[in-house]
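Containing mmCIF, C-alpha atoms and all ligand atoms: my_file-v2.cif.
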data_run
loop_
_atom_site.label_atom_id
_atom_site.label_comp_id
_atom_site.auth_asym_id
_atom_site.auth_seq_id
_atom_site.Cartn_x
_atom_site.Cartn_y
_atom_site.Cartn_z
CA MET C 710 102.54 -118.46 105.05
CA THR C 711 101.86 -116.34 102.02
CA ASP C 712 99.74 -117.67 99.23
CA ASN C 713 101.96 -117.90 96.17
CA ARG C 714 99.29 -119.14 93.80
CA LEU C 715 98.75 -116.80 90.89
CA ALA C 716 95.24 -115.55 90.31
CA ALA C 717 93.67 -116.84 87.12
CA ARG C 718 91.38 -114.39 85.41
CA GLN C 719 89.33 -114.51 82.23
CA ILE C 720 89.67 -111.26 80.27
CA GLU C 721 87.82 -110.03 77.21
CA LEU C 722 90.29 -108.40 74.87
CA GLU C 723 88.67 -106.11 72.34
CA ILE C 724 91.25 -105.69 69.64
CA LEU C 725 91.28 -103.52 66.54
CA ARG C 726 91.96 -105.79 63.58
CA TYR C 727 92.94 -104.67 60.11
CA ASP C 728 94.13 -106.86 57.29
CA PRO C 729 95.20 -104.63 54.38
CA GLU C 730 94.68 -107.50 51.96
CA LYS C 731 91.07 -108.17 52.93
CA ASP C 732 89.57 -105.35 55.00
CA GLN C 733 88.31 -102.02 53.71
CA GLU C 734 88.66 -100.60 57.20
CA PRO C 735 89.63 -101.75 60.70
CA HIS C 736 87.07 -103.35 63.00
CA PHE C 737 87.06 -104.57 66.60
CA GLU C 738 87.15 -108.23 67.40
CA ARG C 739 86.59 -109.70 70.83
CA TYR C 740 88.57 -112.58 72.36
CA SER C 741 88.04 -114.26 75.69
CA VAL C 742 91.53 -114.96 76.98
CA PRO C 743 92.44 -116.97 80.09
CA CYS C 744 95.02 -114.80 81.87
CA ILE C 745 96.94 -114.58 85.10
CA ASN C 746 96.27 -111.38 86.97
CA GLU C 747 100.01 -110.74 87.44
CA TRP C 748 100.58 -110.68 83.67
CA CYS C 749 101.09 -107.55 81.63
CA VAL C 750 98.94 -106.85 78.58
CA LEU C 751 101.73 -108.10 76.32
CA ASP C 752 101.60 -111.49 78.06
CA ALA C 753 97.89 -111.64 77.37
CA LEU C 754 98.49 -110.81 73.69
CA ASN C 755 101.23 -113.43 73.44
CA HIS C 756 98.96 -116.03 75.01
CA LEU C 757 96.17 -115.07 72.62
CA LYS C 758 98.49 -115.37 69.62
CA ASP C 759 100.02 -118.65 70.78
CA SER C 760 96.82 -120.47 71.66
CA ILE C 761 93.80 -118.72 70.12
CA ASP C 762 94.50 -116.64 67.02
CA PRO C 763 97.96 -116.87 65.42
CA THR C 764 97.08 -114.25 62.79
CA LEU C 765 97.19 -111.32 65.22
CA ALA C 766 100.00 -108.88 64.36
CA TYR C 767 101.73 -106.62 66.88
CA ARG C 768 105.27 -105.52 67.66
CA TRP C 769 107.34 -106.36 70.69
CA SER C 770 110.84 -107.42 71.52
CA CYS C 771 112.31 -106.88 74.97
CA HIS C 772 109.35 -107.42 77.33
CA MET C 773 111.11 -105.08 79.76
CA GLN C 774 110.31 -101.54 78.74
CA VAL C 775 113.53 -100.74 76.93
CA CYS C 776 113.05 -101.46 73.22
CA GLY C 777 110.07 -99.16 72.77
CA SER C 778 108.34 -101.33 70.18
CA CYS C 779 105.19 -102.44 72.02
CA GLY C 780 103.40 -99.08 72.16
CA MET C 781 99.64 -99.31 71.67
CA MET C 782 96.42 -97.70 72.88
CA ILE C 783 95.10 -99.56 75.91
CA ASN C 784 91.66 -98.36 76.94
CA GLY C 785 92.32 -95.19 74.95
CA GLU C 786 95.66 -94.38 76.58
CA PRO C 787 99.05 -94.73 74.86
CA LYS C 788 100.91 -97.42 76.82
CA LEU C 789 103.73 -99.90 76.53
CA ALA C 790 101.99 -103.29 76.47
CA CYS C 791 104.83 -104.74 78.55
CA LYS C 792 104.42 -102.04 81.21
CA ALA C 793 100.61 -102.11 81.41
CA MET C 794 99.78 -104.62 84.15
CA LEU C 795 96.50 -106.52 84.01
CA ARG C 796 95.93 -105.92 87.71
CA ASP C 797 95.60 -102.21 86.91
CA TYR C 798 92.68 -102.99 84.59
CA PRO C 799 89.97 -104.37 86.86
CA ASP C 800 87.20 -104.21 84.23
CA ALA C 801 86.21 -107.37 82.40
CA VAL C 802 87.01 -105.86 79.00
CA ILE C 803 90.28 -104.28 77.83
CA ARG C 804 90.24 -102.40 74.54
CA ILE C 805 93.44 -102.45 72.51
CA GLU C 806 94.16 -100.35 69.41
CA PRO C 807 97.27 -99.41 67.47
CA LEU C 808 98.90 -96.11 68.45
CA ALA C 809 96.69 -93.14 67.65
CA HIS C 810 97.81 -90.60 65.02
CA PHE C 811 99.81 -93.15 63.02
CA PRO C 812 98.51 -95.04 59.98
CA VAL C 813 97.67 -98.68 60.69
CA GLU C 814 99.89 -101.16 58.87
CA ARG C 815 98.08 -104.27 60.12
CA ASP C 816 96.21 -104.98 63.35
CA LEU C 817 98.19 -103.36 66.18
CA VAL C 818 101.20 -102.53 64.02
CA SER C 819 101.41 -98.86 63.11
CA VAL C 820 103.49 -97.21 60.40
CA ALA C 821 106.49 -95.56 62.06
CA ASP C 822 108.13 -94.15 58.90
CA ASP C 823 107.08 -90.57 59.62
CA PHE C 824 108.70 -90.59 63.05
CA MET C 825 111.86 -92.21 61.70
CA ASP C 826 112.18 -89.52 59.03
CA LYS C 827 111.76 -86.78 61.61
CA LEU C 828 114.30 -88.38 63.88
CA LYS C 829 116.79 -88.32 61.01
CA ARG C 830 116.07 -84.65 60.30
CA VAL C 831 116.99 -83.45 63.79
CA LYS C 832 120.40 -85.19 63.71
CA PRO C 833 120.15 -87.00 67.04
CA TYR C 834 123.85 -87.76 67.36
CA LEU C 835 126.95 -85.99 68.53
CA ILE C 836 128.27 -83.39 66.09
CA PRO C 837 131.62 -82.46 67.62
CA GLY C 838 132.24 -78.76 68.10
CA LYS C 839 135.81 -79.08 66.95
CA VAL C 840 137.59 -81.87 65.18
CA ARG C 841 139.62 -83.97 67.57
CA VAL C 842 142.17 -86.69 66.98
CA PRO C 843 142.49 -89.75 69.21
CA THR C 844 145.81 -88.60 70.65
CA GLU C 845 143.98 -85.69 72.27
CA GLY C 846 142.38 -88.23 74.56
CA GLU C 847 138.76 -88.84 75.45
CA TYR C 848 136.03 -86.27 75.90
CA LYS C 849 135.68 -85.15 79.48
CA GLN C 850 132.33 -84.33 80.98
CA THR C 851 131.49 -83.39 84.54
CA PRO C 852 128.45 -84.82 86.36
CA ALA C 853 126.91 -81.35 86.22
CA GLN C 854 127.30 -81.26 82.42
CA LEU C 855 125.78 -84.73 82.20
CA LYS C 856 122.85 -83.63 84.31
CA ARG C 857 121.92 -80.95 81.72
CA TYR C 858 120.75 -83.55 79.21
CA ARG C 859 120.57 -86.94 80.93
CA GLN C 860 116.80 -86.96 81.36
CA PHE C 861 116.28 -86.29 77.63
CA ALA C 862 118.67 -89.11 76.74
CA MET C 863 116.32 -91.66 78.35
CA CYS C 864 113.98 -91.73 75.33
CA ILE C 865 113.34 -95.21 73.91
CA ASN C 866 111.58 -93.98 70.73
CA CYS C 867 108.32 -95.66 71.68
CA MET C 868 106.19 -92.88 70.08
CA LEU C 869 103.65 -92.87 72.91
CA CYS C 870 104.10 -89.11 73.09
CA TYR C 871 103.06 -88.74 69.44
CA ALA C 872 99.97 -90.83 70.09
CA ALA C 873 99.12 -88.52 73.01
CA CYS C 874 99.85 -85.22 71.26
CA PRO C 875 96.70 -83.63 69.77
CA GLU C 876 98.82 -81.17 67.79
CA TYR C 877 100.53 -84.04 66.00
CA GLY C 878 97.14 -85.63 65.36
CA LEU C 879 95.88 -82.44 63.73
CA GLN C 880 99.09 -81.40 62.00
CA PRO C 881 101.18 -84.44 61.04
CA LYS C 882 103.96 -82.17 59.78
CA PHE C 883 104.78 -81.30 63.40
CA ILE C 884 108.24 -82.71 64.15
CA GLY C 885 106.82 -83.69 67.50
CA PRO C 886 107.81 -84.33 71.11
CA ALA C 887 110.41 -87.11 71.03
CA ALA C 888 112.39 -85.88 68.01
CA ILE C 889 112.62 -82.33 69.34
CA SER C 890 113.52 -83.61 72.82
CA LEU C 891 116.35 -85.63 71.31
CA ALA C 892 117.56 -82.59 69.37
CA HIS C 893 117.51 -80.71 72.68
CA ARG C 894 119.39 -83.56 74.34
CA TYR C 895 122.32 -83.09 71.94
CA ASN C 896 122.11 -79.30 72.01
CA GLN C 897 122.52 -79.47 75.78
CA ASP C 898 125.57 -81.74 75.55
CA SER C 899 128.86 -80.03 76.35
CA ARG C 900 130.68 -82.08 73.69
CA ASP C 901 128.33 -81.06 70.89
CA GLY C 902 128.59 -78.23 68.38
CA GLY C 903 125.64 -79.01 66.11
CA ARG C 904 123.00 -76.71 67.55
CA ASP C 905 122.85 -74.34 64.56
CA GLU C 906 122.14 -77.24 62.19
CA ARG C 907 119.40 -78.61 64.42
CA GLN C 908 117.82 -75.21 64.99
CA GLU C 909 117.15 -75.01 61.24
CA GLU C 910 114.77 -77.93 61.69
CA ILE C 911 113.32 -77.39 65.13
CA ALA C 912 113.11 -73.61 65.61
CA THR C 913 110.42 -73.46 62.93
CA ASN C 914 106.65 -73.55 62.54
CA GLU C 915 106.75 -77.30 61.91
CA GLY C 916 109.10 -77.57 64.84
CA VAL C 917 108.73 -76.20 68.29
CA TRP C 918 106.26 -73.43 67.38
CA GLU C 919 103.60 -75.97 66.47
CA CYS C 920 103.58 -76.96 70.14
CA THR C 921 100.95 -75.25 72.32
CA PHE C 922 102.06 -76.93 75.55
CA VAL C 923 99.19 -79.32 76.03
CA GLY C 924 101.60 -81.40 78.10
CA ALA C 925 100.02 -84.76 77.18
CA CYS C 926 103.37 -86.11 75.95
CA SER C 927 104.94 -85.78 79.38
CA GLU C 928 101.97 -87.42 81.07
CA VAL C 929 102.25 -90.59 78.98
CA CYS C 930 106.03 -90.90 78.58
CA PRO C 931 107.08 -94.20 80.20
CA LYS C 932 110.65 -93.00 80.70
CA HIS C 933 109.96 -89.63 82.35
CA VAL C 934 111.72 -87.78 79.57
CA ASP C 935 109.28 -84.88 80.00
CA PRO C 936 109.27 -83.91 76.32
CA ALA C 937 106.99 -80.93 77.06
CA ALA C 938 109.76 -79.46 79.22
CA ALA C 939 112.31 -79.98 76.45
CA LEU C 940 110.09 -78.20 73.93
CA GLN C 941 109.45 -75.22 76.18
CA GLN C 942 113.18 -74.93 76.82
CA VAL C 943 113.82 -74.93 73.07
CA LYS C 944 111.20 -72.17 72.71
CA VAL C 945 112.88 -70.04 75.37
CA ALA C 946 116.33 -70.54 73.83
CA SER C 947 115.04 -69.79 70.31
CA THR C 948 113.34 -66.62 71.53
CA VAL C 949 116.57 -65.49 73.16
CA ASP C 950 118.34 -66.20 69.83
CA TRP C 951 115.83 -64.04 68.01
CA TYR C 952 116.29 -61.07 70.34
CA LEU C 953 120.04 -61.36 70.22
CA GLU C 954 119.95 -61.44 66.45
CA HIS C 955 117.53 -58.54 65.96
CA PHE C 956 118.30 -56.16 68.78
CA MET C 957 121.74 -57.01 70.01
CA SER C 958 123.60 -58.23 66.98
CA TRP C 959 126.81 -56.91 68.46
CA VAL C 960 126.64 -59.52 71.21
CA LYS C 961 128.60 -62.58 70.15
CA LYS C 962 126.69 -65.77 70.78
CA MET S 936 102.10 -108.80 50.38
CA SER S 937 100.65 -105.44 49.62
CA ARG S 938 100.91 -102.44 51.90
CA ARG S 939 97.78 -100.40 52.33
CA PRO S 940 98.13 -98.39 55.54
CA TYR S 941 94.82 -97.20 56.97
CA VAL S 942 94.65 -93.63 58.24
CA ARG S 943 92.25 -92.95 61.11
CA GLU S 944 91.30 -89.29 60.89
CA VAL S 945 91.28 -87.03 63.94
CA PRO S 946 88.01 -85.07 64.15
CA PRO S 947 89.23 -81.45 63.75
CA THR S 948 86.59 -79.81 65.96
CA SER S 949 85.77 -82.38 68.63
CA TRP S 950 89.07 -84.09 69.40
CA TYR S 951 89.35 -82.53 72.87
CA PHE S 952 86.34 -84.48 74.16
CA ARG S 953 88.35 -87.67 73.88
CA MET S 954 90.35 -87.25 77.06
CA PRO S 955 90.08 -85.29 80.31
CA ARG S 956 93.62 -83.97 79.85
CA TYR S 957 92.62 -82.42 76.52
CA MET S 958 89.63 -80.79 78.22
CA ARG S 959 91.91 -79.34 80.90
CA TYR S 960 94.07 -77.90 78.15
CA MET S 961 91.08 -76.39 76.38
CA ALA S 962 89.87 -74.86 79.67
CA ARG S 963 93.21 -73.10 80.04
CA GLU S 964 93.04 -71.84 76.46
CA VAL S 965 89.43 -70.65 76.70
CA THR S 966 90.19 -68.50 79.75
CA SER S 967 92.36 -66.32 77.55
CA ILE S 968 89.26 -65.22 75.59
CA PHE S 969 87.99 -63.47 78.72
CA ILE S 970 91.35 -61.84 79.25
CA GLY S 971 91.20 -60.67 75.64
CA ILE S 972 87.73 -59.13 76.13
CA TYR S 973 88.93 -57.46 79.33
CA THR S 974 91.80 -55.89 77.41
CA MET S 975 89.34 -54.55 74.82
CA ILE S 976 87.31 -52.94 77.61
CA MET S 977 90.49 -51.25 78.86
CA VAL S 978 91.16 -49.88 75.37
CA PHE S 979 87.56 -48.66 75.24
CA GLY S 980 88.09 -46.89 78.56
CA LEU S 981 91.18 -45.16 77.27
CA ALA S 982 89.27 -43.96 74.21
CA ALA S 983 86.47 -42.66 76.50
CA LEU S 984 89.02 -40.85 78.64
CA ALA S 985 90.48 -39.16 75.57
CA ALA S 986 87.00 -38.17 74.35
CA GLY S 987 86.27 -36.00 77.38
CA PRO S 988 84.56 -36.08 80.81
CA GLU S 989 81.06 -37.00 79.58
CA ARG S 990 82.17 -40.07 77.70
CA TRP S 991 84.40 -41.05 80.64
CA ASP S 992 81.51 -40.78 83.10
CA ALA S 993 79.32 -42.85 80.82
CA PHE S 994 82.07 -45.46 80.64
CA LEU S 995 82.32 -45.57 84.46
CA LYS S 996 78.54 -45.94 84.71
CA ALA S 997 78.58 -48.81 82.23
CA LEU S 998 81.22 -50.55 84.33
CA GLN S 999 78.89 -50.58 87.33
CA THR S 1000 76.02 -52.41 85.64
CA PRO S 1001 75.34 -55.95 86.93
CA LEU S 1002 76.28 -57.39 83.56
CA SER S 1003 79.66 -55.67 83.67
CA LEU S 1004 80.26 -56.68 87.29
CA THR S 1005 79.45 -60.31 86.52
CA PHE S 1006 81.81 -60.24 83.58
CA HIS S 1007 84.62 -58.73 85.65
CA TRP S 1008 84.31 -61.34 88.40
CA LEU S 1009 84.32 -64.07 85.80
CA ALA S 1010 87.29 -62.54 84.03
CA LEU S 1011 89.16 -62.26 87.33
CA ALA S 1012 88.52 -65.91 88.17
CA PHE S 1013 89.64 -67.04 84.73
CA ALA S 1014 92.69 -64.78 84.79
CA LEU S 1015 93.70 -66.36 88.11
CA TYR S 1016 93.17 -69.84 86.71
CA ASN S 1017 95.23 -68.97 83.64
CA SER S 1018 98.03 -67.46 85.73
CA PHE S 1019 98.15 -70.34 88.19
CA THR S 1020 98.29 -72.98 85.45
CA TRP S 1021 101.11 -71.14 83.69
CA PHE S 1022 103.12 -70.32 86.81
CA ASN S 1023 102.91 -73.94 87.90
CA VAL S 1024 104.45 -75.18 84.65
CA ALA S 1025 107.08 -72.42 84.49
CA PRO S 1026 109.75 -74.68 86.08
CA LYS S 1027 109.59 -76.88 82.98
CA ALA S 1028 110.47 -74.03 80.65
CA LEU S 1029 113.04 -72.40 82.94
CA PRO S 1030 114.87 -75.08 84.88
CA ILE S 1031 117.63 -73.66 87.08
CA GLN S 1032 120.58 -75.94 87.59
CA VAL S 1033 123.00 -75.21 90.39
CA GLY S 1034 126.00 -77.52 90.22
CA GLU S 1035 124.66 -81.03 89.81
CA GLU S 1036 121.21 -80.32 91.18
CA LEU S 1037 118.12 -78.81 89.63
CA MET S 1038 116.41 -76.26 91.83
CA PRO S 1039 113.13 -77.67 93.13
CA ASP S 1040 110.07 -76.60 91.12
CA ILE S 1041 108.76 -74.61 94.05
CA VAL S 1042 111.69 -72.20 93.78
CA VAL S 1043 111.02 -71.31 90.14
CA ALA S 1044 107.22 -71.30 90.43
CA GLY S 1045 107.45 -69.48 93.78
CA GLY S 1046 109.64 -66.82 92.20
CA HIS S 1047 106.91 -66.15 89.67
CA TYR S 1048 104.29 -65.80 92.40
CA VAL S 1049 106.48 -63.43 94.41
CA VAL S 1050 107.15 -61.18 91.42
CA TRP S 1051 103.44 -61.24 90.58
CA VAL S 1052 102.37 -60.17 94.08
CA LEU S 1053 105.05 -57.45 94.25
CA LEU S 1054 104.08 -56.07 90.85
CA SER S 1055 100.38 -56.09 91.76
CA LEU S 1056 101.06 -54.29 95.04
CA PHE S 1057 103.20 -51.75 93.22
CA ILE S 1058 100.46 -51.04 90.67
CA LEU S 1059 97.78 -50.76 93.35
CA PHE S 1060 100.02 -48.41 95.33
CA TRP S 1061 100.77 -46.36 92.25
CA ALA S 1062 97.05 -46.16 91.42
CA GLY S 1063 96.48 -44.71 94.89
CA VAL S 1064 94.53 -47.61 96.38
CA PHE S 1065 96.51 -47.48 99.66
S1 LIG C 1101 109.83 -89.05 74.75
FE1 LIG C 1101 108.98 -90.68 76.05
S2 LIG C 1101 107.00 -91.18 75.09
FE2 LIG C 1101 108.17 -90.05 73.58
S3 LIG C 1101 109.22 -91.61 72.35
FE3 LIG C 1101 110.67 -91.01 73.99
S4 LIG C 1101 110.30 -92.46 75.65
FE4 LIG C 1101 108.54 -92.63 74.26
S1 LIG C 1102 108.49 -105.05 74.44
FE1 LIG C 1102 110.18 -103.69 74.53
S2 LIG C 1102 109.28 -101.93 75.42
FE2 LIG C 1102 107.65 -103.35 75.53
#

Could the structure of this file be written out as structure tokens, please?
Ligand code: SF4
Ligand code: FES
Amino acid sequence: MTDNRLAARQIELEILRYDPEKDQEPHFERYSVPCINEWCVLDALNHLKDSIDPTLAYRWSCHMQVCGSCGMMINGEPKLACKAMLRDYPDAVIRIEPLAHFPVERDLVSVADDFMDKLKRVKPYLIPGKVRVPTEGEYKQTPAQLKRYRQFAMCINCMLCYAACPEYGLQPKFIGPAAISLAHRYNQDSRDGGRDERQEEIATNEGVWECTFVGACSEVCPKHVDPAAALQQVKVASTVDWYLEHFMSWVKK
Amino acid sequence: MSRRPYVREVPPTSWYFRMPRYMRYMAREVTSIFIGIYTMIMVFGLAALAAGPERWDAFLKALQTPLSLTFHWLALAFALYNSFTWFNVAPKALPIQVGEELMPDIVVAGGHYVVWVLLSLFILFWAGVF
């Protein structure tokens, strides 16, 4: 017979706390939390908030890796708290901070406004190539056409890639991995005609040319979007554009 | 409730010590310095060649000093490291889709290696090594 008892485990959570109304700057606070080894870090935080310190602020919603709101730094790595399993952290202490490279709103809550603005700028929605009326029927797309962008459509806007990207840390104007990947997702869509509009934002110094292909974004992405791949593909396509424009202007795009 | 977001600065000159993956990235970038110096030496050689046989001979002599040999071995090792790291990520930048399937990475990366070997052989042949 298998032993179905869950393993209890006492864990020290070292959490960055910041109260904008009282604190000059953030500081770490340590909590000893009775956990179950099969929990995820989010469970441990919820237990801490419910039974030890109700003032702790953090974001979460789905508890199943789809809403993208529970991103935080766990032992220095950008992670979804609902995907980070306690059993993968054998040490007695787990250090939890808000996402790197974003301002801290309060405790583990970071300010996402910058990312939201960038997302808006790249127009991450379908801009139809030609106007259609309902009587023309639905859009048709083959599995091969779907395949061209499907991976990039998996993004849940969790911003882990921004927390991993050193370029974004050094140059906050960088439009960044997820927003450019989403622009690429629509550019690759056979139903879309908005590429020229998006290129104005992303084929720029603040856009894809700020990227030096560190590749950290792809290593941390919980949805295997591979933003680094998307950005390099945008670079290749933009370079081709440039050559066509300057040396072969007679070729119609 | 008042908002007062706290900005944690990124240290501009030491950020890459924070994570092994940043160090790997810096290693790749630093190798290009050696490739740059190597290119300068080539330009120097060309200038020596244009300046006549004496200067050219002196240039060849300088190449054979232990210091120069050490540098060239180092530069070769770093150039290989740089090439390998870039060839291995090439499939990300140039995915090839055939029908519904993406070609496996090995096809795209392998293509780069094949072209590289062929080009190198061609240059060696052309330079009269064989
Ligand atoms: S690309 Fe990946 S890491 Fe970045 S926001 Fe989307 S899901 Fe998160
Ligand atoms: S709570 Fe929704 S992704 Fe973690």

Query raised in the report: If you measure from atom CA of C:Met957 to atom CA of C:Leu940, what distance in Å do you get, rounded to one decimal?
Result: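 So the answer is 24.5 Å.
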
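Our summary of the geometry notes that atom CA of C:Val775 is positioned 9.6 Å from atom CA of C:Met863.
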
What do you get as a PDB file with C-alpha atoms, in the coordinates of the input if you pick all residues at most 7 Å from ligand LIG 1102 (chain C), counting only C-alpha atoms and all ligand atoms?
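This is the output file pocket22.pdb:
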ATOM      1  CA  TRP C 769     107.340-106.360  70.690  1.00  0.00           C
ATOM      2  CA  SER C 770     110.840-107.420  71.520  1.00  0.00           C
ATOM      3  CA  CYS C 771     112.310-106.880  74.970  1.00  0.00           C
ATOM      4  CA  HIS C 772     109.350-107.420  77.330  1.00  0.00           C
ATOM      5  CA  MET C 773     111.110-105.080  79.760  1.00  0.00           C
ATOM      6  CA  GLN C 774     110.310-101.540  78.740  1.00  0.00           C
ATOM      7  CA  VAL C 775     113.530-100.740  76.930  1.00  0.00           C
ATOM      8  CA  CYS C 776     113.050-101.460  73.220  1.00  0.00           C
ATOM      9  CA  GLY C 777     110.070 -99.160  72.770  1.00  0.00           C
ATOM     10  CA  SER C 778     108.340-101.330  70.180  1.00  0.00           C
ATOM     11  CA  CYS C 779     105.190-102.440  72.020  1.00  0.00           C
ATOM     12  CA  GLY C 780     103.400 -99.080  72.160  1.00  0.00           C
ATOM     13  CA  LEU C 789     103.730 -99.900  76.530  1.00  0.00           C
ATOM     14  CA  ALA C 790     101.990-103.290  76.470  1.00  0.00           C
ATOM     15  CA  CYS C 791     104.830-104.740  78.550  1.00  0.00           C
ATOM     16  CA  LYS C 792     104.420-102.040  81.210  1.00  0.00           C
TER      17      LYS C 792
END

Query raised in the report: Which residue out of C:Leu953, C:Val934, C:Ala853, C:Val929 has the minimum interatomic distance to S:Gly1034 when only C-alpha atoms are used?
Result: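 Using only C-alpha atoms, S:Gly1034 sits closest to C:Ala853.
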
With chain S as the partner and 6 Å as the cut-off, tabulate the residues of chain C that qualify, each row holding the nearest pair of atoms and their distance in Å to one decimal, using all atoms listed in the file, sorted by chain and rising number, as a tab-separated table.
residue	atom	partner	partner_atom	distance
C:Pro729	CA	S:Arg939	CA	5.4
C:Pro812	CA	S:Val942	CA	4.5
C:Val813	CA	S:Tyr941	CA	4.9
C:Glu814	CA	S:Pro940	CA	4.7
C:Ala853	CA	S:Glu1035	CA	4.2
C:Val923	CA	S:Tyr960	CA	5.7
C:Ala938	CA	S:Lys1027	CA	4.6
C:Gln941	CA	S:Ala1028	CA	4.7
C:Gln942	CA	S:Ala1028	CA	4.8

Requested in this report: Quote the spacing between atom CA of S:Phe1022 and atom CA of S:Phe969 in Å to one decimal place.
Outcome: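 Rounded to one decimal, the two atoms are 18.5 Å apart.
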
Report task. Pick out the closest residue to ligand LIG 1101 (chain C) from this set: C:Gly902, C:Pro931, C:Pro881, C:Pro833. Count only C-alpha atoms and all ligand atoms. Result ->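 Between C:Gly902, C:Pro931, C:Pro881, C:Pro833, the residue approaching ligand LIG 1101 (chain C) most closely is C:Pro931.
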
What residues of the protein or nucleic acid chains come within 10 Å of ligand LIG 1101 (chain C) when you use all atoms listed in the file? Reply as a PDB file with C-alpha atoms, keeping the file's coordinate frame.
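Once everything was written out, this is part_9.pdb:
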ATOM      1  CA  GLN C 774     110.310-101.540  78.740  1.00  0.00           C
ATOM      2  CA  VAL C 775     113.530-100.740  76.930  1.00  0.00           C
ATOM      3  CA  CYS C 776     113.050-101.460  73.220  1.00  0.00           C
ATOM      4  CA  GLY C 777     110.070 -99.160  72.770  1.00  0.00           C
ATOM      5  CA  SER C 778     108.340-101.330  70.180  1.00  0.00           C
ATOM      6  CA  GLY C 780     103.400 -99.080  72.160  1.00  0.00           C
ATOM      7  CA  PRO C 787      99.050 -94.730  74.860  1.00  0.00           C
ATOM      8  CA  LYS C 788     100.910 -97.420  76.820  1.00  0.00           C
ATOM      9  CA  LEU C 789     103.730 -99.900  76.530  1.00  0.00           C
ATOM     10  CA  PHE C 824     108.700 -90.590  63.050  1.00  0.00           C
ATOM     11  CA  GLN C 860     116.800 -86.960  81.360  1.00  0.00           C
ATOM     12  CA  PHE C 861     116.280 -86.290  77.630  1.00  0.00           C
ATOM     13  CA  ALA C 862     118.670 -89.110  76.740  1.00  0.00           C
ATOM     14  CA  MET C 863     116.320 -91.660  78.350  1.00  0.00           C
ATOM     15  CA  CYS C 864     113.980 -91.730  75.330  1.00  0.00           C
ATOM     16  CA  ILE C 865     113.340 -95.210  73.910  1.00  0.00           C
ATOM     17  CA  ASN C 866     111.580 -93.980  70.730  1.00  0.00           C
ATOM     18  CA  CYS C 867     108.320 -95.660  71.680  1.00  0.00           C
ATOM     19  CA  MET C 868     106.190 -92.880  70.080  1.00  0.00           C
ATOM     20  CA  LEU C 869     103.650 -92.870  72.910  1.00  0.00           C
ATOM     21  CA  CYS C 870     104.100 -89.110  73.090  1.00  0.00           C
ATOM     22  CA  TYR C 871     103.060 -88.740  69.440  1.00  0.00           C
ATOM     23  CA  ALA C 872      99.970 -90.830  70.090  1.00  0.00           C
ATOM     24  CA  ALA C 873      99.120 -88.520  73.010  1.00  0.00           C
ATOM     25  CA  CYS C 874      99.850 -85.220  71.260  1.00  0.00           C
ATOM     26  CA  GLY C 885     106.820 -83.690  67.500  1.00  0.00           C
ATOM     27  CA  PRO C 886     107.810 -84.330  71.110  1.00  0.00           C
ATOM     28  CA  ALA C 887     110.410 -87.110  71.030  1.00  0.00           C
ATOM     29  CA  ALA C 888     112.390 -85.880  68.010  1.00  0.00           C
ATOM     30  CA  ILE C 889     112.620 -82.330  69.340  1.00  0.00           C
ATOM     31  CA  SER C 890     113.520 -83.610  72.820  1.00  0.00           C
ATOM     32  CA  LEU C 891     116.350 -85.630  71.310  1.00  0.00           C
ATOM     33  CA  ALA C 925     100.020 -84.760  77.180  1.00  0.00           C
ATOM     34  CA  CYS C 926     103.370 -86.110  75.950  1.00  0.00           C
ATOM     35  CA  SER C 927     104.940 -85.780  79.380  1.00  0.00           C
ATOM     36  CA  GLU C 928     101.970 -87.420  81.070  1.00  0.00           C
ATOM     37  CA  VAL C 929     102.250 -90.590  78.980  1.00  0.00           C
ATOM     38  CA  CYS C 930     106.030 -90.900  78.580  1.00  0.00           C
ATOM     39  CA  PRO C 931     107.080 -94.200  80.200  1.00  0.00           C
ATOM     40  CA  LYS C 932     110.650 -93.000  80.700  1.00  0.00           C
ATOM     41  CA  HIS C 933     109.960 -89.630  82.350  1.00  0.00           C
ATOM     42  CA  VAL C 934     111.720 -87.780  79.570  1.00  0.00           C
ATOM     43  CA  ASP C 935     109.280 -84.880  80.000  1.00  0.00           C
ATOM     44  CA  PRO C 936     109.270 -83.910  76.320  1.00  0.00           C
ATOM     45  CA  ALA C 937     106.990 -80.930  77.060  1.00  0.00           C
ATOM     46  CA  ALA C 939     112.310 -79.980  76.450  1.00  0.00           C
TER      47      ALA C 939
END

Query raised in the report: Near C:Val742, within 10 Å and counting all atoms listed in the file, which residues show up once chain neighbours fewer than 3 positions away are dropped, as a PyMOL selection string?
Result: chain C and resi 718-722+739+745+753-754+756-757+760-761

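When the distance limit is 10 Å and all atoms listed in the file are what count, the residues near S:Ile976, minus those fewer than 5 positions from it on the same chain, are Ile970, Gly971, Leu981, Ala982, Phe994 and Leu998 of chain S.
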
Saved selection, atoms kept: C-alpha atoms, as a tab-separated table (two decimals), in the coordinates of the input:
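Output file result-v3.tsv is given in full below:
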chain	number	residue	atom	x	y	z
S	970	ILE	CA	91.35	-61.84	79.25
S	971	GLY	CA	91.20	-60.67	75.64
S	981	LEU	CA	91.18	-45.16	77.27
S	982	ALA	CA	89.27	-43.96	74.21
S	994	PHE	CA	82.07	-45.46	80.64
S	998	LEU	CA	81.22	-50.55	84.33

Requested in this report: Mind checking which residues fall within 10 Å of S:Ile968, counting only C-alpha atoms, ignoring those fewer than 4 positions away in the same chain, and posting them as a PyMOL selection string?
Outcome: chain S and resi 963-964+972-974+1010+1013-1014

Report task. Considering only C-alpha atoms, return as a PyMOL selection string whatever protein or nucleic-acid residues lie within 12 Å of S:Tyr1048, sequence-local ones (same chain, fewer than 5 positions apart) excluded. Result -> chain S and resi 1015+1018-1023+1025+1041-1043+1053-1055
